[in-house]
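Taking it in order: structure first as structure tokens, then the write-up.
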Amino acid sequence: MLQYETVFIGDPVHTDEEIDELVKGFEQIVTAAGGKVLKVEKWGKRRLAYTIHHHEEGIYVLMTLECPASLIKEMDRRLRMNERIVRHMAVRVENELQLGPSPMMRPRPERDDTLVEPLMAP
Amino acid sequence: MRESRESGGRGHDRGRKKQYKKKFLFRKKKFCKFCDEKIKFIDYKDVRLLQAFTPERSKIFPRRISGTCSKHQRKLMQAIKRARILALIPFTSD
């Protein structure tokens with residue numbers, strides 16, 4: 001069994017409860033297939049860098065899984081079919097598995113995070 | 001007649017070239033940020049870090065300017081592309 005990170009972007013019209021329901025559904029699928037859910041992290045509503053199907057915002061959820069490869073295929077199919085989901089991506093975690101909070105959960109500095117940091121001295 | 005000219009001619013140009021070269025010689029040495037800070041793994045979720053390497057038009061900052069080593073540049077490239085898929089950072093900005 002391998003470790004994967006799945007991130008999906010939910011349609012922003014949904015409430016937190018609806019998203020929780022969605023996550024619960026996926027957790028059931030994973031455990032039913034003999035996998036384990038190692039971490040679920042909700043990043044909340046974020047502004048998208050570009051519009052996806054006319055959506056300006058999205059609700060981000062990260063799930064870290066340990067499951068057989070066949071399940072990722074199945075998850076991919078389900079995520080694609082689900083109309084509540086705008087975009088999804090699954091990547092394999094090789095040797096950098098982090099179960100702590102991801103950089104996304106770091107407190108935002110005083111200024112907006114959309115700003116481009118000054119580049120390194122040439 | 002020719003000797004009385006103050007500027008122009010080959011001699012003048014040569015002087016300018018030399019000055020430019022001198023400036024270039026004293027440029028600060030470039031270094032790889034990731035090697036320096038001992039960052040082994042570049043996370044696609046670390047938007048702030050990636051934004052520093054996608055200036056203005058959101059193009060990936062080239063190695064020849066940023067000084068990133070090839071190993072880390074490859075990892076950085078992968079992370080930036082993943083973040084773009086998730087709309088965390090733009091593919092292009094106007």
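Letters A, B, ... go to the chains of the structure tokens in the order shown; residues in each chain start at 1; ligands are counted from 1 in the same order.
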
Legend entry - Residues flagged helix (DSSP H, G or I) by DSSP in stretch 4-107 of chain A, as a ChimeraX atom specification: /A:16-32,69-81,103-105

Atoms kept (C-alpha atoms) for selection, written as a PDB file, in the first residue's frame:
ATOM      1  CA  ASP A  16     -19.430  23.276   5.734  1.00  0.00           C
ATOM      2  CA  GLU A  17     -21.841  20.468   6.616  1.00  0.00           C
ATOM      3  CA  GLU A  18     -22.247  19.476   2.988  1.00  0.00           C
ATOM      4  CA  ILE A  19     -18.487  19.369   2.560  1.00  0.00           C
ATOM      5  CA  ASP A  20     -18.140  17.294   5.743  1.00  0.00           C
ATOM      6  CA  GLU A  21     -20.684  14.883   4.327  1.00  0.00           C
ATOM      7  CA  LEU A  22     -18.669  14.618   1.136  1.00  0.00           C
ATOM      8  CA  VAL A  23     -15.465  13.927   3.071  1.00  0.00           C
ATOM      9  CA  LYS A  24     -17.241  11.315   5.173  1.00  0.00           C
ATOM     10  CA  GLY A  25     -18.427   9.593   2.026  1.00  0.00           C
ATOM     11  CA  PHE A  26     -14.881   9.376   0.712  1.00  0.00           C
ATOM     12  CA  GLU A  27     -13.572   8.137   4.052  1.00  0.00           C
ATOM     13  CA  GLN A  28     -16.081   5.280   3.886  1.00  0.00           C
ATOM     14  CA  ILE A  29     -14.956   4.360   0.384  1.00  0.00           C
ATOM     15  CA  VAL A  30     -11.324   4.314   1.495  1.00  0.00           C
ATOM     16  CA  THR A  31     -11.914   2.142   4.563  1.00  0.00           C
ATOM     17  CA  ALA A  32     -14.177  -0.185   2.588  1.00  0.00           C
ATOM     18  CA  ALA A  69      -3.331   1.930  -6.167  1.00  0.00           C
ATOM     19  CA  SER A  70      -6.633   0.673  -7.544  1.00  0.00           C
ATOM     20  CA  LEU A  71      -8.510   2.829  -5.058  1.00  0.00           C
ATOM     21  CA  ILE A  72      -6.904   5.994  -6.373  1.00  0.00           C
ATOM     22  CA  LYS A  73      -8.306   5.178  -9.778  1.00  0.00           C
ATOM     23  CA  GLU A  74     -11.737   4.685  -8.275  1.00  0.00           C
ATOM     24  CA  MET A  75     -11.463   7.896  -6.219  1.00  0.00           C
ATOM     25  CA  ASP A  76     -10.402   9.776  -9.317  1.00  0.00           C
ATOM     26  CA  ARG A  77     -13.478   8.538 -11.165  1.00  0.00           C
ATOM     27  CA  ARG A  78     -15.787   9.490  -8.311  1.00  0.00           C
ATOM     28  CA  LEU A  79     -14.235  12.910  -7.843  1.00  0.00           C
ATOM     29  CA  ARG A  80     -14.585  13.565 -11.552  1.00  0.00           C
ATOM     30  CA  MET A  81     -18.242  12.506 -11.627  1.00  0.00           C
ATOM     31  CA  PRO A 103       2.084  25.212   5.011  1.00  0.00           C
ATOM     32  CA  MET A 104      -1.441  26.204   4.083  1.00  0.00           C
ATOM     33  CA  MET A 105      -2.453  26.213   7.731  1.00  0.00           C
TER      34      MET A 105
END

Inset, instruction - Please report as a list of chain:residue names which residues of chain B come no farther than 8 Å from chain A, using only C-alpha atoms. - result: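 So the contacting residues turn out to be B:Lys28, B:Lys30, B:Phe41, B:Lys45, B:Asp46, B:Val47, B:Arg48, B:Gln51, B:Ala52, B:Phe53, B:Pro55, B:Glu56, B:Ile65, B:Ser66, B:Ile85, B:Leu86, B:Ala87, B:Leu88, B:Ile89, B:Pro90.
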
Inset, instruction - Extract, using only C-alpha atoms, all DNA, RNA and protein residues at most 9 Å from B:Lys40, discarding same-chain residues fewer than 3 positions from it, and format them as a PyMOL selection string. - result: (chain A and resi 96) or (chain B and resi 34-35+37+72)

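In this model, the gap between atom CA of B:Ala83 and atom CA of B:Lys33 comes to 19.6 Å.
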
Legend entry - Atomic distance atom CA of A:Cys67 - atom CA of A:Pro101, expressed in Å with one decimal: 20.9 Å

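Put simply, atom CA of A:His55 is 21.5 Å away from atom CA of B:Ile80.
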
Legend entry - Picked from chain A by DSSP as strand (DSSP E), as a PyMOL selection string: chain A and resi 2-10+36-52+55-67+85-92

Inset, instruction - Would you list the contacts of A:Arg92 as a list in words, taking every protein, DNA or RNA residue within 7 Å and counting only C-alpha atoms, but skipping same-chain residues closer than 2 positions in sequence? - result: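 Returned residues: Gln3, Tyr4, Glu5, Ala90 and Glu94 of chain A.
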
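Nearest residue to A:Lys45, choosing from A:Met1, A:Glu83, A:Thr6, A:His14 and counting only C-alpha atoms: A:His14.
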